[in-house]
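> Next up, query_16.cif (mmCIF, C-alpha atoms).
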data_input
loop_
_atom_site.label_atom_id
_atom_site.label_comp_id
_atom_site.auth_asym_id
_atom_site.auth_seq_id
_atom_site.Cartn_x
_atom_site.Cartn_y
_atom_site.Cartn_z
CA MET A 1 0.00 0.00 0.00
CA ARG A 2 1.35 3.41 -1.00
CA LYS A 3 1.97 5.79 1.90
CA SER A 4 1.45 8.90 -0.22
CA SER A 5 -0.59 9.97 -3.22
CA ILE A 6 1.11 9.51 -6.58
CA ASP A 7 1.42 13.23 -7.31
CA GLN A 8 3.53 13.76 -4.18
CA ASP A 9 6.19 11.43 -5.57
CA ILE A 10 6.51 12.98 -9.02
CA LEU A 11 10.00 14.44 -9.44
CA TYR A 12 9.69 15.76 -13.00
CA GLU A 13 6.86 16.01 -15.49
CA ASP A 14 6.34 17.61 -18.90
CA ASN A 15 4.55 16.72 -22.14
CA HIS A 16 7.17 14.13 -23.05
CA LEU A 17 8.15 12.25 -19.90
CA LEU A 18 7.50 11.71 -16.23
CA ILE A 19 9.97 10.75 -13.49
CA LEU A 20 8.66 9.29 -10.26
CA ASN A 21 10.24 8.59 -6.88
CA LYS A 22 9.15 4.96 -6.55
CA GLN A 23 8.27 3.64 -3.11
CA PRO A 24 9.44 0.14 -2.09
CA SER A 25 5.88 -1.21 -2.18
CA ASP A 26 5.35 -0.14 -5.81
CA ILE A 27 5.66 -2.39 -8.84
CA VAL A 28 6.56 -0.68 -12.12
CA GLN A 29 4.66 -3.08 -14.37
CA GLY A 30 2.03 -5.74 -13.69
CA ASP A 31 3.19 -9.09 -12.32
CA LYS A 32 1.73 -12.33 -10.95
CA THR A 33 0.69 -10.63 -7.70
CA GLY A 34 -2.09 -8.82 -9.54
CA ASP A 35 -1.32 -5.60 -7.66
CA GLU A 36 -1.94 -2.39 -9.59
CA PRO A 37 1.36 -1.26 -11.17
CA LEU A 38 2.70 2.27 -11.40
CA SER A 39 2.19 2.22 -15.16
CA GLU A 40 -1.59 2.01 -14.62
CA ILE A 41 -1.71 4.32 -11.59
CA LEU A 42 0.12 7.00 -13.56
CA LYS A 43 -2.16 6.60 -16.57
CA GLY A 44 -5.07 7.33 -14.25
CA TYR A 45 -3.24 10.33 -12.81
CA ILE A 46 -2.55 11.78 -16.29
CA LYS A 47 -6.09 11.10 -17.51
CA LYS A 48 -7.58 12.94 -14.52
CA LYS A 49 -5.09 15.82 -14.37
CA TYR A 50 -5.32 16.69 -18.06
CA ASN A 51 -8.91 15.55 -18.57
CA LYS A 52 -7.83 13.25 -21.40
CA PRO A 53 -10.50 11.30 -23.27
CA GLY A 54 -9.84 7.71 -24.31
CA ASP A 55 -6.72 5.70 -23.54
CA VAL A 56 -3.59 7.35 -22.15
CA PHE A 57 -0.17 6.36 -23.51
CA LEU A 58 2.60 5.75 -20.97
CA GLY A 59 5.76 3.86 -21.87
CA VAL A 60 7.94 2.08 -19.31
CA VAL A 61 11.57 3.04 -19.98
CA HIS A 62 13.22 0.92 -17.27
CA ARG A 63 12.28 -0.90 -14.07
CA LEU A 64 13.24 -1.11 -10.42
CA ASP A 65 12.75 -4.24 -8.32
CA ARG A 66 9.74 -4.10 -6.01
CA PRO A 67 11.75 -3.79 -2.73
CA VAL A 68 13.90 -1.00 -4.24
CA SER A 69 13.02 2.71 -4.13
CA GLY A 70 14.02 5.73 -6.20
CA ALA A 71 13.87 7.48 -9.54
CA VAL A 72 12.15 5.68 -12.40
CA VAL A 73 11.41 7.14 -15.86
CA PHE A 74 8.23 6.86 -17.95
CA ALA A 75 7.63 8.21 -21.46
CA ARG A 76 4.43 10.10 -22.28
CA THR A 77 4.79 9.82 -26.06
CA THR A 78 5.97 7.12 -28.46
CA LYS A 79 8.65 9.48 -29.77
CA ALA A 80 10.03 10.05 -26.26
CA LEU A 81 9.92 6.32 -25.52
CA SER A 82 11.89 5.49 -28.67
CA ARG A 83 14.54 8.11 -27.92
CA LEU A 84 14.81 7.21 -24.22
CA ASN A 85 15.20 3.54 -25.12
CA MET A 86 18.04 4.54 -27.43
CA LEU A 87 19.75 6.54 -24.66
CA LEU A 88 19.43 3.58 -22.33
CA ARG A 89 20.75 1.13 -24.92
CA ASP A 90 23.73 3.38 -25.71
CA GLY A 91 24.64 3.86 -22.04
CA LYS A 92 23.76 7.55 -22.07
CA MET A 93 21.33 7.42 -19.17
CA ASN A 94 23.49 7.76 -16.07
CA LYS A 95 21.99 6.21 -12.96
CA THR A 96 23.45 6.48 -9.47
CA TYR A 97 22.26 4.27 -6.64
CA TRP A 98 22.72 4.30 -2.89
CA ALA A 99 23.08 1.04 -0.98
CA ILE A 100 23.53 0.40 2.73
CA VAL A 101 25.58 -2.62 3.78
CA LYS A 102 26.76 -3.85 7.18
CA ASN A 103 30.03 -5.50 6.17
CA LYS A 104 32.98 -3.27 5.32
CA PRO A 105 33.72 -3.41 1.58
CA PRO A 106 37.15 -4.81 0.66
CA GLU A 107 38.07 -1.45 -0.92
CA MET A 108 36.77 2.06 -0.39
CA GLU A 109 36.27 2.41 -4.13
CA ALA A 110 36.36 -0.19 -6.90
CA HIS A 111 35.28 -1.07 -10.43
CA LEU A 112 33.63 -4.50 -10.45
CA THR A 113 33.54 -6.57 -13.63
CA GLN A 114 31.86 -9.96 -13.37
CA TYR A 115 29.45 -12.22 -15.24
CA LEU A 116 25.85 -12.93 -14.28
CA THR A 117 23.45 -15.74 -15.08
CA ARG A 118 19.74 -15.53 -14.28
CA ASN A 119 17.59 -18.27 -12.81
CA GLU A 120 14.07 -17.44 -14.00
CA GLU A 121 12.42 -19.97 -11.68
CA LYS A 122 14.06 -18.57 -8.54
CA ASN A 123 14.14 -14.98 -9.86
CA LYS A 124 17.76 -14.71 -8.82
CA SER A 125 21.12 -13.99 -10.47
CA SER A 126 24.42 -15.75 -9.84
CA VAL A 127 27.84 -14.10 -10.13
CA TYR A 128 30.97 -15.52 -11.79
CA ASP A 129 34.46 -14.11 -12.20
CA LYS A 130 34.73 -15.50 -15.73
CA PRO A 131 32.20 -15.97 -18.55
CA VAL A 132 30.07 -19.12 -18.29
CA ASN A 133 27.35 -20.53 -20.50
CA GLY A 134 24.53 -18.01 -20.81
CA SER A 135 26.23 -15.31 -18.73
CA GLN A 136 26.22 -11.57 -19.37
CA LYS A 137 28.97 -9.12 -18.48
CA ALA A 138 28.11 -6.93 -15.49
CA GLU A 139 30.00 -3.78 -14.55
CA LEU A 140 29.58 -1.19 -11.84
CA ILE A 141 31.65 1.30 -9.89
CA TYR A 142 31.09 1.69 -6.17
CA LYS A 143 32.45 4.15 -3.64
CA VAL A 144 31.99 4.26 0.13
CA ILE A 145 30.56 7.71 0.85
CA GLY A 146 29.28 7.34 4.41
CA LYS A 147 29.62 5.33 7.61
CA SER A 148 27.59 4.93 10.78
CA ASP A 149 28.49 2.83 13.82
CA LEU A 150 27.25 -0.33 12.12
CA TYR A 151 26.73 0.37 8.43
CA TYR A 152 28.38 1.69 5.27
CA LEU A 153 26.73 3.81 2.60
CA LEU A 154 27.83 3.06 -0.97
CA SER A 155 27.30 5.19 -4.05
CA ILE A 156 27.03 2.98 -7.14
CA GLN A 157 27.23 3.85 -10.81
CA LEU A 158 25.79 1.18 -13.07
CA LEU A 159 27.72 0.62 -16.29
CA THR A 160 25.46 -2.23 -17.41
CA GLY A 161 21.86 -3.04 -16.55
CA ARG A 162 21.55 -6.70 -15.60
CA HIS A 163 18.92 -8.50 -13.57
CA HIS A 164 19.49 -7.84 -9.83
CA GLN A 165 22.97 -6.65 -10.75
CA ILE A 166 23.77 -4.43 -7.76
CA ARG A 167 22.22 -6.85 -5.29
CA ALA A 168 24.13 -9.82 -6.71
CA GLN A 169 27.51 -8.14 -7.18
CA LEU A 170 27.59 -6.54 -3.73
CA ALA A 171 26.58 -9.86 -2.14
CA ALA A 172 29.34 -11.63 -4.10
CA MET A 173 31.97 -9.35 -2.54
CA GLY A 174 30.65 -10.13 0.93
CA CYS A 175 28.41 -7.07 1.32
CA PRO A 176 24.74 -8.04 0.90
CA ILE A 177 22.39 -5.06 1.05
CA LYS A 178 20.62 -4.53 4.35
CA GLY A 179 17.32 -6.42 4.36
CA ASP A 180 18.04 -8.40 1.18
CA LEU A 181 17.31 -11.97 2.29
CA LYS A 182 17.44 -13.25 -1.30
CA TYR A 183 21.11 -12.34 -1.54
CA GLY A 184 22.30 -13.37 1.89
CA TYR A 185 21.45 -10.63 4.38
CA PRO A 186 20.45 -12.44 7.61
CA ARG A 187 17.34 -10.38 8.47
CA SER A 188 14.58 -8.70 6.52
CA ASN A 189 13.45 -5.10 6.97
CA PRO A 190 9.92 -4.30 8.16
CA GLY A 191 7.65 -4.38 5.12
CA GLY A 192 10.17 -6.31 3.05
CA PHE A 193 12.01 -3.36 1.51
CA ILE A 194 15.78 -3.38 1.05
CA HIS A 195 18.22 -0.51 1.53
CA LEU A 196 18.84 0.07 -2.18
CA HIS A 197 17.72 3.38 -3.67
CA ALA A 198 17.96 4.88 -7.16
CA ARG A 199 19.35 8.21 -5.97
CA SER A 200 19.73 10.11 -9.24
CA ILE A 201 19.30 9.87 -12.98
CA GLU A 202 20.90 12.10 -15.60
CA PHE A 203 20.37 12.20 -19.35
CA LEU A 204 19.76 14.48 -22.31
CA HIS A 205 16.06 15.29 -22.59
CA PRO A 206 14.78 13.33 -25.62
CA VAL A 207 12.99 16.33 -27.16
CA LYS A 208 14.31 19.52 -25.53
CA LYS A 209 17.93 18.30 -25.81
CA GLU A 210 18.76 19.83 -22.44
CA LEU A 211 20.69 17.97 -19.73
CA LEU A 212 18.27 16.71 -17.12
CA LEU A 213 19.41 15.69 -13.63
CA VAL A 214 16.82 14.44 -11.17
CA ILE A 215 17.57 13.50 -7.55
CA ALA A 216 15.27 11.31 -5.48
CA ASN A 217 15.24 11.34 -1.68
CA PRO A 218 15.17 7.93 0.03
CA PRO A 219 11.96 6.84 1.78
CA ALA A 220 11.39 7.73 5.45
CA ASP A 221 13.52 5.33 7.48
CA LYS A 222 15.83 5.82 10.47
CA LEU A 223 18.94 4.62 8.64
CA TRP A 224 18.19 6.43 5.37
CA ASP A 225 17.45 9.57 7.40
CA PHE A 226 20.85 9.34 9.12
CA PHE A 227 22.78 9.07 5.87
CA SER A 228 20.67 11.71 4.10
CA LEU A 229 21.41 14.12 6.95
CA HIS A 230 25.14 13.51 6.59
CA ASP A 231 25.15 13.40 2.77
CA ASN A 232 26.99 16.69 2.21
CA GLN A 233 29.21 16.54 5.29
CA GLN A 234 32.82 15.38 5.56
CA MET A 235 32.85 11.88 7.05
CA ILE A 236 35.76 10.03 8.65
CA PHE A 237 36.27 6.41 7.67
CA THR A 238 38.01 3.73 9.72
#
If you convert what's in this file into structure tokens, what do you get?

Amino acid sequence: MRKSSIDQDILYEDNHLLILNKQPSDIVQGDKTGDEPLSEILKGYIKKKYNKPGDVFLGVVHRLDRPVSGAVVFARTTKALSRLNMLLRDGKMNKTYWAIVKNKPPEMEAHLTQYLTRNEEKNKSSVYDKPVNGSQKAELIYKVIGKSDLYYLLSIQLLTGRHHQIRAQLAAMGCPIKGDLKYGYPRSNPGGFIHLHARSIEFLHPVKKELLLVIANPPADKLWDFFSLHDNQQMIFT
């Protein structure tokens, strides 16, 4: 159940696209749960706000896992969808994530290159150091940007977009994300969310051709609140 109305979570909106700060309970597109997805909720929002007759077009540009929060992009026209898909395919949509882990990463900053296979039945990805049958190359850059008494905050730049990539790669280096039972964290979070958040997204607007940078605040949570408060402050690492 959403804790706020959909319009309160809209980060950017114009005639061509819409960017939403997804809550952990949201699903981007319909799945076997039968819960109403954001794609349909937002169509209803657009139809009502602009008094649109007939069907409303809304294209899903990319997805976030259900327990993950943060910025997600939708296209309001077929032209915008085509161009945004091209940006995504060409690696010109820069996405930065925040993740909270309990174990200290082996390095304060690193570029991870590994290979992932996906188990459709278990909805889980496995990580390998070398290519195996059916694997896809997975790359990300992480940097430790914050520390509390018990946890580390990582900033992550995705260089590829694989299934459960951040969750799987961080777990493989011994740092499962807080609350992520699927990838080895020992305890779940209340409500089943995990401490992974799509913090920002940056790309060239598909029609206006202006650089667009959108930042999404994490959901209300004691640990997220701590790191958000200290985001722009100098932190000492040990």
> Could you jot down the atom CA of Lys79 of chain A to atom CA of Lys52 of chain A separation for me, Å, one decimal place?
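Pair atom CA of Lys79 of chain A / atom CA of Lys52 of chain A returns 18.9 Å.
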> Please list, as an NGL selection string, the residues that have an atom at most 12 Å away from (27.9, -5.0, -2.4) in the coordinates of this file, counting all atoms listed in the file.
:A and (97-112 or 127 or 140-144 or 152-156 or 164-178 or 180 or 183-185 or 195-196)
> Env of Val73 of chain A: 7 Å cut, atoms = all atoms listed in the file, seq-sep filter 2 positions within chain, self excluded. Answer as a ChimeraX atom specification.
/A:18-20,61-62,71,75
> Put those residues in a file: C-alpha atoms, as a JSON list (two decimals), keeping the file's coordinate frame.

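Result went into again-v3.json, see below:
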[["chain", "number", "residue", "atom", "x", "y", "z"],
["A", 18, "LEU", "CA", 7.50, 11.71, -16.23],
["A", 19, "ILE", "CA", 9.97, 10.75, -13.49],
["A", 20, "LEU", "CA", 8.66, 9.29, -10.26],
["A", 61, "VAL", "CA", 11.57, 3.04, -19.98],
["A", 62, "HIS", "CA", 13.22, 0.92, -17.27],
["A", 71, "ALA", "CA", 13.87, 7.48, -9.54],
["A", 75, "ALA", "CA", 7.63, 8.21, -21.46]]
> What gap, in Å, lies between atom CA of Ile6 of chain A and atom CA of Val56 of chain A?
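Going from atom CA of Ile6 of chain A over to atom CA of Val56 of chain A, I get 16.4 Å.
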> Given the file above and the PyMOL selection byres ((chain A and resi 15) around 12), which residues are selected, and can you give them as a PDB file with C-alpha atoms, in the frame of the given file?

ATOM      1  CA  TYR A  12       9.690  15.760 -13.000  1.00  0.00           C
ATOM      2  CA  GLU A  13       6.860  16.010 -15.490  1.00  0.00           C
ATOM      3  CA  ASP A  14       6.340  17.610 -18.900  1.00  0.00           C
ATOM      4  CA  HIS A  16       7.170  14.130 -23.050  1.00  0.00           C
ATOM      5  CA  LEU A  17       8.150  12.250 -19.900  1.00  0.00           C
ATOM      6  CA  LEU A  18       7.500  11.710 -16.230  1.00  0.00           C
ATOM      7  CA  ILE A  19       9.970  10.750 -13.490  1.00  0.00           C
ATOM      8  CA  ILE A  46      -2.550  11.780 -16.290  1.00  0.00           C
ATOM      9  CA  TYR A  50      -5.320  16.690 -18.060  1.00  0.00           C
ATOM     10  CA  PHE A  57      -0.170   6.360 -23.510  1.00  0.00           C
ATOM     11  CA  LEU A  58       2.600   5.750 -20.970  1.00  0.00           C
ATOM     12  CA  PHE A  74       8.230   6.860 -17.950  1.00  0.00           C
ATOM     13  CA  ALA A  75       7.630   8.210 -21.460  1.00  0.00           C
ATOM     14  CA  ARG A  76       4.430  10.100 -22.280  1.00  0.00           C
ATOM     15  CA  THR A  77       4.790   9.820 -26.060  1.00  0.00           C
ATOM     16  CA  THR A  78       5.970   7.120 -28.460  1.00  0.00           C
ATOM     17  CA  LYS A  79       8.650   9.480 -29.770  1.00  0.00           C
ATOM     18  CA  ALA A  80      10.030  10.050 -26.260  1.00  0.00           C
ATOM     19  CA  HIS A 205      16.060  15.290 -22.590  1.00  0.00           C
ATOM     20  CA  PRO A 206      14.780  13.330 -25.620  1.00  0.00           C
ATOM     21  CA  VAL A 207      12.990  16.330 -27.160  1.00  0.00           C
ATOM     22  CA  LYS A 208      14.310  19.520 -25.530  1.00  0.00           C
TER      23      LYS A 208
END
> May I ask which of the residues A:Ser188, A:Thr117, A:Gln23, A:Thr160 is the closest one to Lys95 of chain A, counting all atoms listed in the file?
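Nearest candidate to Lys95 of chain A out of A:Ser188, A:Thr117, A:Gln23, A:Thr160: A:Thr160.
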